[in-house]
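Asker: File query_8.cif follows (mmCIF, C-alpha atoms):
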data_input
loop_
_atom_site.label_atom_id
_atom_site.label_comp_id
_atom_site.auth_asym_id
_atom_site.auth_seq_id
_atom_site.Cartn_x
_atom_site.Cartn_y
_atom_site.Cartn_z
CA MET A 14 -121.65 97.27 -116.74
CA ALA A 15 -119.48 96.85 -113.94
CA THR A 16 -118.68 100.05 -112.19
CA LYS A 17 -115.58 100.06 -110.27
CA GLN A 18 -115.90 101.35 -106.74
CA PRO A 19 -113.29 103.92 -105.70
CA PRO A 20 -110.97 102.75 -103.01
CA PRO A 21 -112.01 103.71 -99.48
CA LEU A 22 -110.62 107.02 -98.34
CA MET A 23 -107.85 106.78 -95.87
CA LYS A 24 -108.21 109.07 -92.92
CA LYS A 25 -105.04 111.02 -92.36
CA HIS A 26 -104.05 111.71 -88.83
CA SER A 27 -102.52 115.16 -89.07
CA GLN A 28 -102.08 115.33 -85.32
CA THR A 29 -99.35 112.73 -85.57
CA ASP A 30 -97.93 113.79 -88.91
CA LEU A 31 -95.50 116.56 -87.97
CA VAL A 32 -94.62 117.56 -91.55
CA SER A 33 -98.30 117.89 -92.43
CA ARG A 34 -98.96 120.07 -89.39
CA LEU A 35 -96.04 122.36 -90.20
CA LYS A 36 -97.14 122.70 -93.83
CA THR A 37 -100.71 123.49 -92.76
CA ARG A 38 -99.56 126.15 -90.29
CA LYS A 39 -97.28 127.68 -92.90
CA ILE A 40 -100.10 127.87 -95.45
CA LEU A 41 -102.39 129.47 -92.85
CA GLY A 42 -99.64 131.90 -91.88
CA VAL A 43 -99.66 131.11 -88.19
CA GLY A 44 -96.90 130.05 -85.88
CA GLY A 45 -94.25 132.17 -87.54
CA GLU A 46 -92.73 135.37 -86.24
CA ASP A 47 -93.79 138.78 -87.51
CA ASP A 48 -91.56 141.87 -87.79
CA ASP A 49 -91.76 142.55 -84.05
CA GLY A 50 -90.81 139.00 -83.14
CA GLU A 51 -94.34 138.14 -82.00
CA VAL A 52 -95.45 134.53 -82.56
CA HIS A 53 -99.12 134.35 -83.52
CA ARG A 54 -101.07 131.43 -82.15
CA SER A 55 -103.91 131.73 -84.64
CA LYS A 56 -104.91 133.52 -87.81
CA ILE A 57 -107.53 135.46 -85.84
CA SER A 58 -104.95 136.90 -83.44
CA GLN A 59 -102.77 137.73 -86.42
CA MET A 60 -105.61 139.60 -88.16
CA LEU A 61 -106.89 141.37 -85.07
CA GLY A 62 -103.45 142.18 -83.75
CA ASN A 63 -101.89 141.33 -80.49
CA GLU A 64 -103.16 143.79 -77.90
CA ILE A 65 -100.38 142.82 -75.50
CA LYS A 66 -97.78 144.60 -77.61
CA PHE A 67 -99.75 147.86 -77.39
CA ALA A 68 -100.18 147.68 -73.63
CA VAL A 69 -97.93 149.92 -71.60
CA ARG A 70 -95.69 148.44 -69.00
CA GLU A 71 -96.10 151.34 -66.64
CA PRO A 72 -93.12 152.54 -64.65
CA LEU A 73 -93.55 152.56 -60.91
CA GLY A 74 -95.17 155.82 -59.77
CA LEU A 75 -96.43 156.95 -63.18
CA ARG A 76 -100.10 157.12 -62.21
CA LEU A 77 -99.26 158.88 -58.96
CA TRP A 78 -97.19 161.44 -60.89
CA GLN A 79 -100.06 161.97 -63.34
CA PHE A 80 -102.46 162.55 -60.45
CA VAL A 81 -100.10 164.97 -58.67
CA SER A 82 -99.55 166.87 -61.94
CA ALA A 83 -103.26 167.12 -62.66
CA VAL A 84 -104.00 168.39 -59.15
CA MET A 85 -101.12 170.87 -59.29
CA PHE A 86 -102.11 172.28 -62.70
CA THR A 87 -105.74 172.56 -61.63
CA GLY A 88 -104.87 174.26 -58.34
CA VAL A 89 -102.56 176.84 -59.89
CA ALA A 90 -105.07 177.47 -62.71
CA ILE A 91 -107.91 178.14 -60.27
CA MET A 92 -105.67 180.38 -58.19
CA ALA A 93 -104.60 182.34 -61.30
CA LEU A 94 -108.19 182.73 -62.46
CA ALA A 95 -109.72 183.62 -59.08
CA PHE A 96 -106.86 185.31 -57.20
CA PRO A 97 -104.31 186.75 -59.67
CA ASP A 98 -102.84 189.22 -57.15
CA GLN A 99 -102.08 186.54 -54.58
CA LEU A 100 -100.46 184.26 -57.17
CA TYR A 101 -98.23 187.06 -58.45
CA ASP A 102 -97.30 188.08 -54.93
CA ALA A 103 -96.50 184.48 -53.91
CA VAL A 104 -94.15 184.01 -56.85
CA PHE A 105 -92.39 187.36 -57.09
CA ASP A 106 -92.77 188.90 -53.60
CA GLU A 107 -93.95 192.16 -55.13
CA GLY A 108 -97.08 194.21 -54.76
CA SER A 109 -100.18 193.74 -56.81
CA VAL A 110 -99.93 193.39 -60.55
CA SER A 111 -101.22 196.30 -62.62
CA ASN A 112 -102.94 194.17 -65.28
CA LYS A 113 -104.69 190.99 -64.12
CA THR A 114 -105.66 189.90 -67.62
CA SER A 115 -102.32 188.29 -68.42
CA ILE A 116 -102.39 186.22 -65.21
CA ARG A 117 -105.96 185.13 -65.87
CA LEU A 118 -105.00 184.12 -69.43
CA TYR A 119 -102.15 182.12 -67.90
CA GLY A 120 -104.72 180.46 -65.62
CA GLY A 121 -106.90 179.59 -68.61
CA ALA A 122 -103.94 177.98 -70.39
CA LEU A 123 -103.08 176.01 -67.24
CA LEU A 124 -106.69 174.87 -66.94
CA SER A 125 -106.50 173.53 -70.51
CA ILE A 126 -103.30 171.65 -69.72
CA SER A 127 -104.89 170.28 -66.54
CA LEU A 128 -107.73 168.81 -68.63
CA ILE A 129 -105.14 166.98 -70.70
CA MET A 130 -103.50 165.68 -67.53
CA TRP A 131 -106.79 164.49 -66.03
CA ASN A 132 -107.78 162.67 -69.23
CA SER A 133 -104.37 161.04 -69.66
CA MET A 134 -104.79 159.36 -66.28
CA TYR A 135 -107.65 157.23 -67.62
CA THR A 136 -105.95 155.84 -70.70
CA SER A 137 -103.61 152.94 -71.18
CA GLU A 138 -102.43 154.02 -74.63
CA LYS A 139 -98.72 154.62 -74.70
CA VAL A 140 -98.86 157.47 -77.23
CA ILE A 141 -101.38 159.53 -75.27
CA ILE A 142 -99.47 159.09 -72.01
CA ARG A 143 -96.20 160.08 -73.69
CA TRP A 144 -97.75 163.18 -75.33
CA SER A 145 -99.18 164.35 -72.02
CA LEU A 146 -95.80 163.88 -70.33
CA LEU A 147 -94.09 165.74 -73.18
CA THR A 148 -96.61 168.58 -72.84
CA GLU A 149 -95.86 168.77 -69.15
CA ALA A 150 -92.08 168.69 -69.70
CA CYS A 151 -92.28 171.47 -72.30
CA TYR A 152 -94.39 173.59 -69.95
CA PHE A 153 -91.94 173.22 -67.08
CA GLY A 154 -88.96 173.83 -69.37
CA VAL A 155 -90.41 177.04 -70.80
CA GLN A 156 -91.51 178.24 -67.36
CA PHE A 157 -88.04 177.58 -65.95
CA ILE A 158 -86.34 179.54 -68.75
CA VAL A 159 -88.80 182.46 -68.67
CA THR A 160 -88.71 182.78 -64.87
CA THR A 161 -84.92 182.59 -64.79
CA ILE A 162 -84.56 185.32 -67.43
CA MET A 163 -87.05 187.55 -65.64
CA LEU A 164 -85.33 187.12 -62.28
CA ILE A 165 -81.94 187.89 -63.85
CA GLU A 166 -83.34 191.03 -65.47
CA ASN A 167 -84.83 192.19 -62.16
CA GLY A 168 -81.59 191.39 -60.34
CA MET A 169 -83.24 190.04 -57.23
CA ILE A 170 -84.03 186.46 -56.34
CA SER A 171 -86.41 185.92 -53.44
CA ASN A 172 -86.84 182.73 -51.46
CA GLY A 173 -90.17 182.06 -53.17
CA ALA A 174 -88.60 182.46 -56.61
CA ALA A 175 -85.71 180.14 -55.71
CA ILE A 176 -88.14 177.49 -54.49
CA LEU A 177 -90.22 177.98 -57.64
CA LEU A 178 -87.19 177.54 -59.91
CA SER A 179 -85.96 174.44 -58.12
CA SER A 180 -89.42 172.87 -58.10
CA ARG A 181 -89.85 173.52 -61.83
CA ALA A 182 -86.47 171.96 -62.53
CA LEU A 183 -87.42 168.93 -60.43
CA PHE A 184 -90.82 168.59 -62.13
CA LEU A 185 -89.13 168.88 -65.54
CA LEU A 186 -86.71 166.07 -64.67
CA VAL A 187 -89.47 163.80 -63.35
CA SER A 188 -91.64 164.38 -66.44
CA VAL A 189 -88.74 163.66 -68.79
CA TYR A 190 -87.87 160.53 -66.79
CA PHE A 191 -91.40 159.13 -67.10
CA TYR A 192 -91.56 160.17 -70.77
CA TYR A 193 -88.54 158.03 -71.56
CA GLN A 194 -89.61 155.17 -69.29
CA VAL A 195 -93.00 154.89 -71.01
CA GLY A 196 -91.31 155.01 -74.41
CA ARG A 197 -88.92 152.14 -73.74
CA ARG A 198 -89.56 148.90 -75.56
CA PRO A 199 -90.42 146.11 -73.16
CA LYS A 200 -87.93 143.29 -72.87
CA LYS A 201 -88.90 140.01 -74.48
CA LEU A 202 -89.22 137.17 -72.03
#
Spit out the file's structure as structure tokens when you get a sec.

Answerer:
Amino acid sequence: MATKQPPPLMKKHSQTDLVSRLKTRKILGVGGEDDDGEVHRSKISQMLGNEIKFAVREPLGLRLWQFVSAVMFTGVAIMALAFPDQLYDAVFDEGSVSNKTSIRLYGGALLSISLIMWNSMYTSEKVIIRWSLLTEACYFGVQFIVTTIMLIENGMISNGAAILLSSRALFLLVSVYFYYQVGRRPKKL
């Protein structure tokens, strides 16, 4: 019996065959754009995700602002916990407070916020940075409103209270600015 030998296999050069390369990449699902406009170079990067799109393009001065905020919250918290009379006197130019418990509770809340601020300095995740900035902005906004209402009810505004109000308004604006800057979508190059 004569067995017929199959013809020799032809080696296909897919490097030079453009149509074959495009078909292969399409079948593998690489090279195309995803919903965010990202072009994946390989199936592995597509499966694992592109870490570049999650990285934060930090606005200039963000880390400095986070450090200043953390130091400020910690300092005021320690002062409220250890020296409630001096803190009350520095803000309202009045004598000693009758009940120190409320000021110490305020110091405990500030210490909790300062822990958030310290920990947000060491992350590069956009969501955590934005939440810490939003927490800070809400704090300054509420403090500005409450202090303003109290000063209007008392009918007297001291120099310390005016400086306090203006500084809280400034800190609120800076926190909101960084909140929106971190939340912006980076421009595609």

Asker: Apply the PyMOL selection byres ((chain A and resi 140) around 12) to the file shown and report the selected residues as a ChimeraX atom specification.

Answerer: /A:67-69,133,136-139,141-147,192-193,195-197

Asker: Assuming the chain letters and numbering stay as they are in my file, what does the PyMOL selection byres ((chain A and resi 93) around 9) actually select? List them as JSON, numbers by chain.

Answerer: {"A": [88, 89, 90, 91, 92, 94, 95, 96, 97, 98, 99, 100, 101, 116, 117, 118, 119, 120, 121, 123]}

Asker: Quick check on the file I pasted: which residues fall under the PyMOL selection byres ((chain A and resi 186) around 12)? Write them as a PDB file with C-alpha atoms, in the coordinates of the input.

Answerer:
ATOM      1  CA  LEU A 146     -95.800 163.880 -70.330  1.00  0.00           C
ATOM      2  CA  LEU A 147     -94.090 165.740 -73.180  1.00  0.00           C
ATOM      3  CA  GLU A 149     -95.860 168.770 -69.150  1.00  0.00           C
ATOM      4  CA  ALA A 150     -92.080 168.690 -69.700  1.00  0.00           C
ATOM      5  CA  CYS A 151     -92.280 171.470 -72.300  1.00  0.00           C
ATOM      6  CA  TYR A 152     -94.390 173.590 -69.950  1.00  0.00           C
ATOM      7  CA  PHE A 153     -91.940 173.220 -67.080  1.00  0.00           C
ATOM      8  CA  GLY A 154     -88.960 173.830 -69.370  1.00  0.00           C
ATOM      9  CA  PHE A 157     -88.040 177.580 -65.950  1.00  0.00           C
ATOM     10  CA  SER A 179     -85.960 174.440 -58.120  1.00  0.00           C
ATOM     11  CA  SER A 180     -89.420 172.870 -58.100  1.00  0.00           C
ATOM     12  CA  ARG A 181     -89.850 173.520 -61.830  1.00  0.00           C
ATOM     13  CA  ALA A 182     -86.470 171.960 -62.530  1.00  0.00           C
ATOM     14  CA  LEU A 183     -87.420 168.930 -60.430  1.00  0.00           C
ATOM     15  CA  PHE A 184     -90.820 168.590 -62.130  1.00  0.00           C
ATOM     16  CA  LEU A 185     -89.130 168.880 -65.540  1.00  0.00           C
ATOM     17  CA  VAL A 187     -89.470 163.800 -63.350  1.00  0.00           C
ATOM     18  CA  SER A 188     -91.640 164.380 -66.440  1.00  0.00           C
ATOM     19  CA  VAL A 189     -88.740 163.660 -68.790  1.00  0.00           C
ATOM     20  CA  TYR A 190     -87.870 160.530 -66.790  1.00  0.00           C
ATOM     21  CA  PHE A 191     -91.400 159.130 -67.100  1.00  0.00           C
ATOM     22  CA  TYR A 192     -91.560 160.170 -70.770  1.00  0.00           C
ATOM     23  CA  TYR A 193     -88.540 158.030 -71.560  1.00  0.00           C
TER      24      TYR A 193
END

Asker: Mind giving me the straight-line distance from CA of Ala122 in chain A to CA of Val159 in chain A in Å, one decimal?

Answerer: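 Distance reported for this atom pair: 15.9 Å.
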
Asker: Separation of CA of Ile129 in chain A and CA of Leu164 in chain A, in Å?

Answerer: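 Atom-to-atom, CA of Ile129 in chain A to CA of Leu164 in chain A, that is 29.5 Å.
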
Asker: Compare A:Asp102, A:Val155, A:Ser127, A:Trp78 by their minimum atom-to-atom distance to Gly173 in chain A, counting only C-alpha atoms, and give me the closest one.

Answerer: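 Using only C-alpha atoms, Gly173 in chain A sits closest to A:Asp102.
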
Asker: In Å, with one decimal, what is the gap from CA of Asn167 in chain A to CA of Lys113 in chain A?

Answerer: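 Atom-to-atom, CA of Asn167 in chain A to CA of Lys113 in chain A, that is 20.0 Å.
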
Asker: Which one is closest to Leu75 in chain A: A:Leu177, A:Leu128, A:Ile158, A:Met134? Count all atoms listed in the file.

Answerer: A:Met134

Asker: Adding 4 Å on each side of the box along x, y and z that holds all listed atoms of range 123-127 of chain A, could you give its centre and edge lengths in Å to one decimal, as AutoDock Vina command-line options?

Answerer:
--center_x -104.9 --center_y 173.1 --center_z -68.5 --size_x 11.6 --size_y 13.7 --size_z 12.0
